[in-house]
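Next comes input.cif, a file with mmCIF, C-alpha atoms.
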data_coords
loop_
_atom_site.group_PDB
_atom_site.id
_atom_site.type_symbol
_atom_site.label_atom_id
_atom_site.label_comp_id
_atom_site.auth_asym_id
_atom_site.auth_seq_id
_atom_site.Cartn_x
_atom_site.Cartn_y
_atom_site.Cartn_z
ATOM 1 C CA MET V 169 -22.226 48.513 2.871
ATOM 2 C CA GLY V 170 -19.629 47.705 5.518
ATOM 3 C CA ILE V 171 -16.270 46.241 4.597
ATOM 4 C CA VAL V 172 -17.133 42.786 5.943
ATOM 5 C CA GLU V 173 -20.276 42.650 3.799
ATOM 6 C CA PHE V 174 -18.293 43.874 0.827
ATOM 7 C CA ILE V 175 -15.680 41.133 1.133
ATOM 8 C CA SER V 176 -18.335 38.527 1.928
ATOM 9 C CA GLN V 177 -19.980 38.835 -1.472
ATOM 10 C CA PRO V 178 -18.755 36.210 -3.908
ATOM 11 C CA TRP V 179 -15.724 37.661 -5.645
ATOM 12 C CA HIS V 180 -15.786 38.455 -9.340
ATOM 13 C CA TRP V 181 -13.690 36.006 -11.348
ATOM 14 C CA SER V 182 -11.268 38.712 -12.379
ATOM 15 C CA VAL V 183 -10.637 39.557 -8.725
ATOM 16 C CA SER V 184 -10.096 35.895 -7.915
ATOM 17 C CA GLY V 185 -7.726 35.482 -10.850
ATOM 18 C CA ALA V 186 -5.754 38.529 -9.753
ATOM 19 C CA MET V 187 -5.563 37.281 -6.167
ATOM 20 C CA ILE V 188 -4.195 33.938 -7.362
ATOM 21 C CA VAL V 189 -1.435 35.770 -9.238
ATOM 22 C CA LEU V 190 -0.713 37.880 -6.157
ATOM 23 C CA VAL V 191 -0.268 34.686 -4.140
ATOM 24 C CA MET V 192 1.877 33.156 -6.881
ATOM 25 C CA PHE V 193 4.237 36.128 -6.971
ATOM 26 C CA ILE V 194 4.424 36.411 -3.187
ATOM 27 C CA LEU V 195 5.561 32.769 -3.180
ATOM 28 C CA LEU V 196 8.031 33.400 -6.009
ATOM 29 C CA TRP V 197 9.365 36.485 -4.294
ATOM 30 C CA PHE V 198 10.095 34.461 -1.182
ATOM 31 C CA GLY V 199 12.010 31.938 -3.263
ATOM 32 C CA GLY V 200 9.233 29.394 -3.647
ATOM 33 C CA SER V 201 6.802 28.590 -6.422
ATOM 34 C CA PHE V 202 3.073 28.131 -6.846
ATOM 35 C CA GLY V 203 2.200 24.446 -6.893
ATOM 36 C CA ALA V 204 -0.071 22.735 -4.378
ATOM 37 C CA SER V 205 0.220 19.066 -5.306
ATOM 38 C CA SER V 206 3.900 18.710 -4.425
ATOM 39 C CA ASN V 207 2.778 19.000 -0.808
ATOM 40 C CA LEU V 208 1.228 15.542 -1.138
ATOM 41 C CA ARG V 209 4.652 14.222 -2.061
ATOM 42 C CA THR V 210 6.216 16.059 0.898
ATOM 43 C CA ILE V 211 3.646 14.551 3.249
ATOM 44 C CA CYS V 212 4.602 11.069 2.010
ATOM 45 C CA ALA V 213 8.272 11.885 2.581
ATOM 46 C CA ILE V 214 7.590 13.129 6.110
ATOM 47 C CA GLY V 215 5.708 9.884 6.697
ATOM 48 C CA GLY V 216 8.893 7.981 5.934
ATOM 49 C CA ALA V 217 8.138 6.885 2.395
ATOM 50 C CA GLY V 218 11.660 7.913 1.436
ATOM 51 C CA LYS V 219 13.111 4.943 3.272
ATOM 52 C CA ASN V 220 11.853 2.498 0.649
ATOM 53 C CA ILE V 221 10.900 4.574 -2.355
ATOM 54 C CA SER V 222 13.527 6.767 -3.975
ATOM 55 C CA PHE V 223 10.895 9.188 -5.313
ATOM 56 C CA PHE V 224 10.236 10.284 -1.731
ATOM 57 C CA ASP V 225 13.876 10.292 -0.704
ATOM 58 C CA PHE V 226 14.606 14.006 -0.753
ATOM 59 C CA ASP V 227 15.191 16.765 1.759
ATOM 60 C CA TRP V 228 11.592 17.590 2.583
ATOM 61 C CA LYS V 229 12.636 20.218 5.103
ATOM 62 C CA GLY V 230 13.273 22.504 2.152
ATOM 63 C CA GLN V 231 9.601 22.168 1.266
ATOM 64 C CA LEU V 232 8.141 23.308 4.568
ATOM 65 C CA TRP V 233 7.199 26.708 3.114
ATOM 66 C CA ASN V 234 4.815 24.928 0.760
ATOM 67 C CA LEU V 235 3.249 22.974 3.597
ATOM 68 C CA VAL V 236 2.663 26.297 5.308
ATOM 69 C CA PHE V 237 0.818 27.355 2.162
ATOM 70 C CA ILE V 238 -1.680 24.497 2.273
ATOM 71 C CA PHE V 239 -2.130 24.621 6.013
ATOM 72 C CA SER V 240 -2.791 28.317 5.665
ATOM 73 C CA ALA V 241 -5.382 27.415 3.045
ATOM 74 C CA VAL V 242 -7.159 25.487 5.802
ATOM 75 C CA GLY V 243 -7.100 28.657 7.899
ATOM 76 C CA GLY V 244 -8.187 30.789 4.976
ATOM 77 C CA GLY V 245 -11.144 28.511 4.302
ATOM 78 C CA PHE V 246 -12.121 28.626 7.966
ATOM 79 C CA ILE V 247 -11.949 32.400 8.114
ATOM 80 C CA ALA V 248 -13.813 32.814 4.833
ATOM 81 C CA VAL V 249 -16.838 30.733 5.800
ATOM 82 C CA ASN V 250 -17.011 31.817 9.427
ATOM 83 C CA PHE V 251 -16.295 35.518 9.120
ATOM 84 C CA PHE V 252 -17.025 36.385 5.526
ATOM 85 C CA PRO V 253 -19.815 33.978 4.538
ATOM 86 C CA SER V 254 -21.587 34.641 1.245
ATOM 87 C CA PRO V 255 -25.107 36.047 1.560
ATOM 88 C CA GLU V 256 -26.405 33.445 -0.869
ATOM 89 C CA PRO V 257 -25.288 30.066 -2.181
ATOM 90 C CA VAL V 258 -22.978 29.712 -5.190
ATOM 91 C CA GLN V 259 -25.003 30.808 -8.207
ATOM 92 C CA ILE V 260 -24.753 27.867 -10.547
ATOM 93 C CA ALA V 261 -25.940 27.967 -14.177
ATOM 94 C CA GLU V 262 -29.513 26.741 -14.622
ATOM 95 C CA SER V 263 -28.458 24.176 -17.182
ATOM 96 C CA THR V 264 -25.917 22.668 -14.796
ATOM 97 C CA GLN V 265 -28.478 22.611 -12.001
ATOM 98 C CA THR V 266 -30.949 20.773 -14.248
ATOM 99 C CA HIS V 267 -28.313 18.301 -15.385
ATOM 100 C CA LEU V 268 -27.273 17.641 -11.777
ATOM 101 C CA SER V 269 -30.861 17.345 -10.635
ATOM 102 C CA ASN V 270 -31.439 14.652 -13.269
ATOM 103 C CA MET V 271 -28.633 12.740 -11.596
ATOM 104 C CA GLY V 272 -30.125 13.221 -8.159
ATOM 105 C CA ILE V 273 -27.856 16.060 -7.042
ATOM 106 C CA SER V 274 -29.610 19.166 -5.737
ATOM 107 C CA THR V 275 -28.097 22.638 -5.907
ATOM 108 C CA PRO V 276 -28.702 24.750 -2.785
ATOM 109 C CA GLN V 277 -31.072 27.634 -3.462
ATOM 110 C CA THR V 278 -30.903 29.281 -0.060
ATOM 111 C CA ILE V 279 -28.186 29.384 2.591
ATOM 112 C CA ALA V 280 -30.377 27.093 4.694
ATOM 113 C CA ASP V 281 -29.887 24.407 2.018
ATOM 114 C CA GLY V 282 -26.145 24.967 1.958
ATOM 115 C CA TYR V 283 -23.476 27.258 0.547
ATOM 116 C CA GLY V 284 -23.075 25.377 -2.702
ATOM 117 C CA TYR V 285 -19.484 24.304 -2.218
ATOM 118 C CA VAL V 286 -20.160 20.580 -2.010
ATOM 119 C CA PRO V 287 -23.309 18.548 -2.696
ATOM 120 C CA SER V 288 -24.729 17.047 0.460
ATOM 121 C CA GLU V 289 -25.828 13.945 -1.472
ATOM 122 C CA ILE V 290 -22.147 13.029 -1.776
ATOM 123 C CA PHE V 291 -20.323 14.863 0.986
ATOM 124 C CA ALA V 292 -22.664 15.012 3.981
ATOM 125 C CA VAL V 293 -21.326 12.910 6.832
ATOM 126 C CA ASP V 294 -24.667 11.115 7.061
ATOM 127 C CA ASN V 295 -24.357 10.051 3.434
ATOM 128 C CA LEU V 296 -20.699 9.121 3.539
ATOM 129 C CA PHE V 297 -20.950 5.406 4.015
ATOM 130 C CA SER V 298 -22.588 4.529 0.742
ATOM 131 C CA ILE V 299 -20.510 2.530 -1.750
ATOM 132 C CA ARG V 300 -21.152 5.161 -4.388
ATOM 133 C CA ASN V 301 -19.973 8.113 -2.299
ATOM 134 C CA LEU V 302 -16.976 6.302 -0.895
ATOM 135 C CA PHE V 303 -16.057 5.291 -4.449
ATOM 136 C CA LEU V 304 -16.265 8.879 -5.677
ATOM 137 C CA LEU V 305 -14.244 10.283 -2.804
ATOM 138 C CA ILE V 306 -11.646 7.535 -2.461
ATOM 139 C CA VAL V 307 -11.072 6.749 -6.140
ATOM 140 C CA GLY V 308 -11.434 10.426 -7.059
ATOM 141 C CA GLY V 309 -8.902 11.463 -4.458
ATOM 142 C CA PHE V 310 -6.548 8.674 -5.512
ATOM 143 C CA PHE V 311 -6.725 9.815 -9.145
ATOM 144 C CA VAL V 312 -6.023 13.421 -8.162
ATOM 145 C CA GLY V 313 -2.974 12.417 -6.147
ATOM 146 C CA PHE V 314 -1.666 9.871 -8.640
ATOM 147 C CA GLY V 315 -2.400 11.984 -11.687
ATOM 148 C CA ALA V 316 -0.891 15.141 -10.241
ATOM 149 C CA ARG V 317 2.355 13.401 -9.390
ATOM 150 C CA TYR V 318 2.525 11.594 -12.734
ATOM 151 C CA ALA V 319 1.964 14.885 -14.524
ATOM 152 C CA GLY V 320 4.259 16.682 -12.123
ATOM 153 C CA GLY V 321 1.674 19.250 -11.107
ATOM 154 C CA CYS V 322 -1.967 20.183 -10.696
ATOM 155 C CA THR V 323 -3.997 23.268 -11.617
ATOM 156 C CA SER V 324 -1.704 25.682 -9.804
ATOM 157 C CA GLY V 325 1.514 24.115 -11.035
ATOM 158 C CA HIS V 326 0.528 23.542 -14.649
ATOM 159 C CA ALA V 327 -2.500 25.598 -15.611
ATOM 160 C CA ILE V 328 -1.250 28.712 -13.863
ATOM 161 C CA SER V 329 2.477 28.523 -13.203
ATOM 162 C CA GLY V 330 3.337 26.371 -16.210
ATOM 163 C CA LEU V 331 1.190 28.103 -18.811
ATOM 164 C CA SER V 332 2.290 31.567 -17.692
ATOM 165 C CA ASN V 333 5.873 30.420 -18.155
ATOM 166 C CA LEU V 334 4.907 29.259 -21.672
ATOM 167 C CA GLN V 335 5.681 25.621 -20.933
ATOM 168 C CA ILE V 336 4.378 23.250 -23.603
ATOM 169 C CA PRO V 337 4.439 20.310 -21.156
ATOM 170 C CA SER V 338 2.002 22.260 -18.982
ATOM 171 C CA LEU V 339 -0.274 22.818 -21.955
ATOM 172 C CA ILE V 340 -0.258 19.054 -22.561
ATOM 173 C CA ALA V 341 -1.044 18.474 -18.892
ATOM 174 C CA VAL V 342 -3.951 20.941 -18.993
ATOM 175 C CA ILE V 343 -5.283 19.262 -22.146
ATOM 176 C CA GLY V 344 -5.047 16.004 -20.193
ATOM 177 C CA PHE V 345 -6.930 17.556 -17.246
ATOM 178 C CA PHE V 346 -9.706 18.466 -19.630
ATOM 179 C CA ILE V 347 -9.853 15.139 -21.404
ATOM 180 C CA GLY V 348 -10.163 13.408 -18.039
ATOM 181 C CA GLY V 349 -12.628 15.911 -16.655
ATOM 182 C CA LEU V 350 -14.812 15.830 -19.745
ATOM 183 C CA ILE V 351 -14.881 12.036 -19.869
ATOM 184 C CA MET V 352 -15.854 11.928 -16.206
ATOM 185 C CA SER V 353 -18.454 14.676 -16.172
ATOM 186 C CA TRP V 354 -20.134 13.799 -19.484
ATOM 187 C CA LEU V 355 -19.827 10.030 -19.615
ATOM 188 C CA VAL V 356 -18.928 8.385 -16.337
ATOM 189 C CA LEU V 357 -20.395 10.487 -13.534
ATOM 190 C CA PRO V 358 -23.936 10.297 -14.944
ATOM 191 C CA VAL V 359 -23.627 6.506 -14.834
ATOM 192 C CA ILE V 360 -22.173 6.457 -11.315
ATOM 193 C CA LEU V 361 -24.725 8.911 -9.931
ATOM 194 C CA THR V 362 -27.796 7.316 -11.463
ATOM 195 C CA ALA V 363 -26.790 3.707 -10.864
ATOM 196 C CA MET U 150 -10.281 30.033 -3.047
ATOM 197 C CA THR U 151 -13.466 30.149 -0.998
ATOM 198 C CA LYS U 152 -14.716 33.557 -2.130
ATOM 199 C CA SER U 153 -13.866 32.786 -5.740
ATOM 200 C CA GLU U 154 -15.957 29.592 -5.389
ATOM 201 C CA ALA U 155 -13.163 27.642 -7.085
ATOM 202 C CA VAL U 156 -13.553 25.128 -4.258
ATOM 203 C CA SER U 157 -17.108 24.372 -5.309
ATOM 204 C CA TRP U 158 -17.848 20.893 -6.717
ATOM 205 C CA PHE U 159 -20.775 22.509 -8.515
ATOM 206 C CA ARG U 160 -18.500 25.085 -10.199
ATOM 207 C CA ILE U 161 -16.229 22.303 -11.443
ATOM 208 C CA GLN U 162 -19.189 20.462 -13.012
ATOM 209 C CA GLU U 163 -20.258 23.759 -14.585
ATOM 210 C CA MET U 164 -16.752 24.193 -15.942
ATOM 211 C CA PHE U 165 -16.509 20.749 -17.532
ATOM 212 C CA ARG U 166 -19.950 21.169 -19.033
ATOM 213 C CA PHE U 167 -19.061 24.588 -20.441
ATOM 214 C CA GLU U 168 -22.182 26.019 -18.883
ATOM 215 C CA SER U 169 -20.552 29.044 -17.301
ATOM 216 C CA PHE U 170 -17.604 31.308 -17.945
ATOM 217 C CA HIS U 171 -16.817 31.691 -14.235
ATOM 218 C CA MET U 172 -13.999 29.154 -13.789
ATOM 219 C CA TYR U 173 -12.515 30.048 -17.178
ATOM 220 C CA GLY U 174 -12.613 33.668 -16.080
ATOM 221 C CA ILE U 175 -10.676 32.891 -12.926
ATOM 222 C CA ILE U 176 -8.040 30.703 -14.568
ATOM 223 C CA GLY U 177 -7.901 32.838 -17.712
ATOM 224 C CA THR U 178 -7.377 36.063 -15.770
ATOM 225 C CA ALA U 179 -4.720 34.371 -13.661
ATOM 226 C CA VAL U 180 -2.846 32.955 -16.662
ATOM 227 C CA ILE U 181 -2.916 36.192 -18.659
ATOM 228 C CA LEU U 182 -1.847 38.312 -15.699
ATOM 229 C CA ALA U 183 0.778 35.796 -14.568
ATOM 230 C CA THR U 184 2.185 35.529 -18.102
ATOM 231 C CA ALA U 185 2.594 39.309 -18.261
ATOM 232 C CA LEU U 186 4.173 39.500 -14.812
ATOM 233 C CA THR U 187 6.441 36.531 -15.509
ATOM 234 C CA TYR U 188 7.658 38.188 -18.704
ATOM 235 C CA LEU U 189 8.212 41.489 -16.870
ATOM 236 C CA SER U 190 9.971 39.811 -13.951
ATOM 237 C CA LYS U 191 12.378 38.099 -16.303
ATOM 238 C CA LYS U 192 12.925 41.232 -18.397
ATOM 239 C CA LEU U 193 13.551 43.417 -15.347
ATOM 240 C CA ASN U 194 15.593 40.647 -13.728
ATOM 241 C CA VAL U 195 13.491 40.750 -10.570
ATOM 242 C CA LYS U 196 15.090 38.639 -7.884
ATOM 243 C CA SER U 197 13.598 36.848 -4.938
ATOM 244 C CA ILE U 198 13.970 38.249 -1.434
ATOM 245 C CA GLU U 199 17.042 36.026 -1.007
ATOM 246 C CA GLY U 200 18.618 37.663 -4.032
ATOM 247 C CA SER U 201 18.390 34.551 -6.203
ATOM 248 C CA GLU U 202 16.543 33.987 -9.468
ATOM 249 C CA MET U 203 12.802 33.551 -9.158
ATOM 250 C CA LYS U 204 11.823 29.921 -9.642
ATOM 251 C CA PHE U 205 10.431 29.926 -13.167
ATOM 252 C CA LYS U 206 11.338 26.296 -13.719
ATOM 253 C CA PRO U 207 11.345 25.058 -17.318
ATOM 254 C CA LYS U 208 10.028 21.501 -17.758
ATOM 255 C CA LYS U 209 11.605 18.729 -19.786
ATOM 256 C CA MET U 210 9.586 18.125 -22.936
ATOM 257 C CA SER U 211 7.613 14.902 -23.179
ATOM 258 C CA VAL U 212 4.031 13.949 -23.948
ATOM 259 C CA THR U 213 3.167 10.669 -22.249
ATOM 260 C CA ARG U 214 3.559 11.594 -18.609
ATOM 261 C CA TYR U 215 1.835 14.947 -18.969
ATOM 262 C CA LEU U 216 -1.049 13.579 -21.017
ATOM 263 C CA LEU U 217 -1.644 10.397 -19.023
ATOM 264 C CA GLY U 218 -1.024 12.052 -15.689
ATOM 265 C CA GLY U 219 -3.257 14.921 -16.715
ATOM 266 C CA ILE U 220 -6.098 12.642 -17.795
ATOM 267 C CA ILE U 221 -5.997 10.675 -14.557
ATOM 268 C CA PHE U 222 -5.920 13.926 -12.580
ATOM 269 C CA GLY U 223 -8.848 15.276 -14.587
ATOM 270 C CA LEU U 224 -10.923 12.172 -13.904
ATOM 271 C CA GLY U 225 -10.378 12.622 -10.182
ATOM 272 C CA TRP U 226 -10.948 16.372 -10.318
ATOM 273 C CA ALA U 227 -14.392 15.909 -11.845
ATOM 274 C CA MET U 228 -15.292 13.215 -9.309
ATOM 275 C CA THR U 229 -14.307 15.120 -6.198
ATOM 276 C CA GLY U 230 -14.697 18.670 -7.489
ATOM 277 C CA ALA U 231 -11.460 19.437 -5.712
ATOM 278 C CA CYS U 232 -7.831 19.648 -6.663
ATOM 279 C CA PRO U 233 -5.132 19.825 -3.961
ATOM 280 C CA GLY U 234 -5.497 23.475 -2.912
ATOM 281 C CA PRO U 235 -9.296 23.325 -2.571
ATOM 282 C CA MET U 236 -9.043 20.022 -0.662
ATOM 283 C CA PHE U 237 -7.319 21.787 2.194
ATOM 284 C CA THR U 238 -9.498 24.876 1.942
ATOM 285 C CA LEU U 239 -12.613 22.696 2.270
ATOM 286 C CA LEU U 240 -11.087 21.152 5.374
ATOM 287 C CA GLY U 241 -11.068 24.671 6.793
ATOM 288 C CA HIS U 242 -14.767 24.865 5.908
ATOM 289 C CA GLY U 243 -15.407 21.845 8.080
ATOM 290 C CA VAL U 244 -16.316 19.547 5.166
ATOM 291 C CA TRP U 245 -15.120 16.444 6.994
ATOM 292 C CA ALA U 246 -15.705 14.187 4.003
ATOM 293 C CA ILE U 247 -12.750 15.891 2.337
ATOM 294 C CA VAL U 248 -10.469 14.117 4.809
ATOM 295 C CA ILE U 249 -11.200 10.949 2.829
ATOM 296 C CA VAL U 250 -10.209 12.721 -0.385
ATOM 297 C CA ILE U 251 -7.014 14.110 1.174
ATOM 298 C CA LEU U 252 -5.998 10.723 2.544
ATOM 299 C CA SER U 253 -6.680 8.924 -0.729
ATOM 300 C CA SER U 254 -4.818 11.603 -2.679
ATOM 301 C CA ILE U 255 -1.810 11.014 -0.432
ATOM 302 C CA LEU U 256 -2.213 7.294 -1.145
ATOM 303 C CA GLY U 257 -2.403 8.037 -4.871
ATOM 304 C CA THR U 258 0.750 10.103 -4.603
ATOM 305 C CA TYR U 259 2.464 7.246 -2.798
ATOM 306 C CA ALA U 260 1.257 4.751 -5.415
ATOM 307 C CA TYR U 261 2.851 6.876 -8.126
ATOM 308 C CA GLY U 262 6.151 6.815 -6.262
ATOM 309 C CA VAL U 263 5.983 3.038 -6.050
ATOM 310 C CA LEU U 264 5.008 2.538 -9.692
ATOM 311 C CA GLN U 265 7.072 5.340 -11.201
ATOM 312 C CA SER U 266 9.787 3.235 -12.778
ATOM 313 C CA ARG U 267 7.179 0.991 -14.401
ATOM 314 C CA LEU U 268 5.149 3.814 -15.947
ATOM 315 C CA PRO U 269 5.737 5.313 -19.400
ATOM 316 C CA HIS U 270 7.033 8.862 -19.220
#
Before we go any further, please render this structure as structure tokens.
Amino acid sequence: MGIVEFISQPWHWSVSGAMIVLVMFILLWFGGSFGASSNLRTICAIGGAGKNISFFDFDWKGQLWNLVFIFSAVGGGFIAVNFFPSPEPVQIAESTQTHLSNMGISTPQTIADGYGYVPSEIFAVDNLFSIRNLFLLIVGGFFVGFGARYAGGCTSGHAISGLSNLQIPSLIAVIGFFIGGLIMSWLVLPVILTA
Amino acid sequence: MTKSEAVSWFRIQEMFRFESFHMYGIIGTAVILATALTYLSKKLNVKSIEGSEMKFKPKKMSVTRYLLGGIIFGLGWAMTGACPGPMFTLLGHGVWAIVIVILSSILGTYAYGVLQSRLPH
């Protein structure tokens, strides 16, 4: 197996976990920290939000390294799917596939159907202008942005950086993430998707 | 993020339904390894390349903001299947719909800034 094929296979979770920590410590070593959501705040500041709202009134130039991180993530995603594409779609648990199918969401079985990163029923450009999909994407995105700032961090900042630094506030945030995620995936999403 | 499939909406549903270990494996491995390395870095007094302390920032204790903020974040995470890092990664994939999510997450961030003083922390 050539090296490209080797890397193109989906990575084992332990490898992924280790890579995340590598990234985290590279950032720390260069004087930064691992936390993606603060970039959303920086973007608001660059957009001039600091003129009226004190929360965005800070020296965003000191945060450019973090913007480089997320813009590099765009590049990384591009390289990964174009040069190291997986030979088969994301292998999702049968039970999840059945549950999703009952809500009208199909899980790709072959690469021709899709890679399994996002469901076409919600994300395909052709399907975008339905009230349901716009609701999921707009309200969902709003909640992610609002919630992350309110909690002062997202998965990278709290679940990984915060927990590894033994921060109780991060544990509370992660518990919150789960409460919200469980309510949505068990109770609300089934209603939204089958409405 | 792509090869780990952490950017997959399907993986996030799987995670919240406890139907696979995969996402827990990723985050669990990362937390355990990062905890060990954080401890070691502090013990060995490892400095950043600039010679200053590494930014292991302690957070001020409180419950409300972390719990409420976390819950709201979690709701959104399960809807979009993407948290901030994956949002940008998916943009690199050419998932144009994610532009809507990115823009609304910026709006949500802005809304927090506006409402901050009126929210319980």
Resolved residues for the PyMOL selection byres ((chain V and resi 195-211) around 9) as a PyMOL selection string:
(chain V and resi 190-194+212-217+223-224+226+228-229+231-235+237-238+312-313+316-317+320-326+328-329) or (chain U and resi 195-206+232-234+251+254-256+258-259+262)
Within 10 Å of Trp181 in chain V, counting only C-alpha atoms, which residues qualify if same-chain residues fewer than 6 places away don't, as number ranges by chain?
V: 187; U: 152-155, 170-179
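Pairwise distance (CA of Ser353 in chain V, CA of Thr266 in chain V) equals 14.0 Å.
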Apply the PyMOL selection byres ((chain V) within 6 of (chain U)) to the structure shown and report the selected residues as a PyMOL selection string.
chain V and resi 178-179+181-182+184-186+189+196-199+204-205+208+223+241-243+245-246+264+285-286+291+304-306+308-316+318-319+328+332+337+340-341+344-345+347-350+352
What's the separation between CA of Ala280 in chain V and CA of Val249 in chain V, in Å to one decimal place?
14.1 Å
CA of Ala292 in chain V and CA of His267 in chain V, how far apart in Å?
20.4 Å
Got a sec: who's within 8 Å of Glu256 in chain V, counting all atoms listed in the file, leaving out chain neighbours fewer than 4 positions off, as a PyMOL selection string?
chain V and resi 277-279+283
Size and centre in Å, one decimal, axis-aligned box, all listed range 190-202 of chain U atoms plus 5 Å per side, as AutoDock Vina command-line options:
--center_x 14.3 --center_y 38.7 --center_z -9.7 --size_x 18.6 --size_y 19.4 --size_z 27.4
Test item: write range 195-206 of chain V with N, CA and C atoms as an mmCIF file, in the first residue's frame:
data_model
loop_
_atom_site.group_PDB
_atom_site.id
_atom_site.type_symbol
_atom_site.label_atom_id
_atom_site.label_comp_id
_atom_site.auth_asym_id
_atom_site.auth_seq_id
_atom_site.Cartn_x
_atom_site.Cartn_y
_atom_site.Cartn_z
ATOM 1 N N LEU V 195 0.553 24.758 19.131
ATOM 2 C CA LEU V 195 -0.002 26.096 19.381
ATOM 3 C C LEU V 195 0.518 26.662 20.706
ATOM 4 N N LEU V 196 0.518 25.826 21.735
ATOM 5 C CA LEU V 196 0.997 26.275 23.052
ATOM 6 C C LEU V 196 2.471 26.668 22.986
ATOM 7 N N TRP V 197 3.224 25.841 22.267
ATOM 8 C CA TRP V 197 4.661 26.091 22.170
ATOM 9 C C TRP V 197 4.948 27.416 21.491
ATOM 10 N N PHE V 198 4.077 27.801 20.547
ATOM 11 C CA PHE V 198 4.277 29.073 19.875
ATOM 12 C C PHE V 198 3.621 30.232 20.621
ATOM 13 N N GLY V 199 3.184 29.950 21.858
ATOM 14 C CA GLY V 199 2.649 31.034 22.680
ATOM 15 C C GLY V 199 1.143 31.231 22.541
ATOM 16 N N GLY V 200 0.496 30.325 21.837
ATOM 17 C CA GLY V 200 -0.954 30.443 21.679
ATOM 18 C C GLY V 200 -1.669 29.452 22.557
ATOM 19 N N SER V 201 -2.874 29.104 22.178
ATOM 20 C CA SER V 201 -3.641 28.084 22.890
ATOM 21 C C SER V 201 -4.612 27.446 21.906
ATOM 22 N N PHE V 202 -5.213 26.332 22.313
ATOM 23 C CA PHE V 202 -6.065 25.588 21.410
ATOM 24 C C PHE V 202 -7.520 25.926 21.700
ATOM 25 N N GLY V 203 -8.110 26.763 20.876
ATOM 26 C CA GLY V 203 -9.508 27.132 21.086
ATOM 27 C C GLY V 203 -10.045 27.799 19.837
ATOM 28 N N ALA V 204 -10.915 27.096 19.113
ATOM 29 C CA ALA V 204 -11.363 27.598 17.809
ATOM 30 C C ALA V 204 -12.407 28.699 17.871
ATOM 31 N N SER V 205 -13.299 28.659 18.870
ATOM 32 C CA SER V 205 -14.436 29.579 18.828
ATOM 33 C C SER V 205 -14.055 31.042 19.037
ATOM 34 N N SER V 206 -12.935 31.304 19.689
ATOM 35 C CA SER V 206 -12.569 32.710 19.903
ATOM 36 C C SER V 206 -12.328 33.426 18.579
#
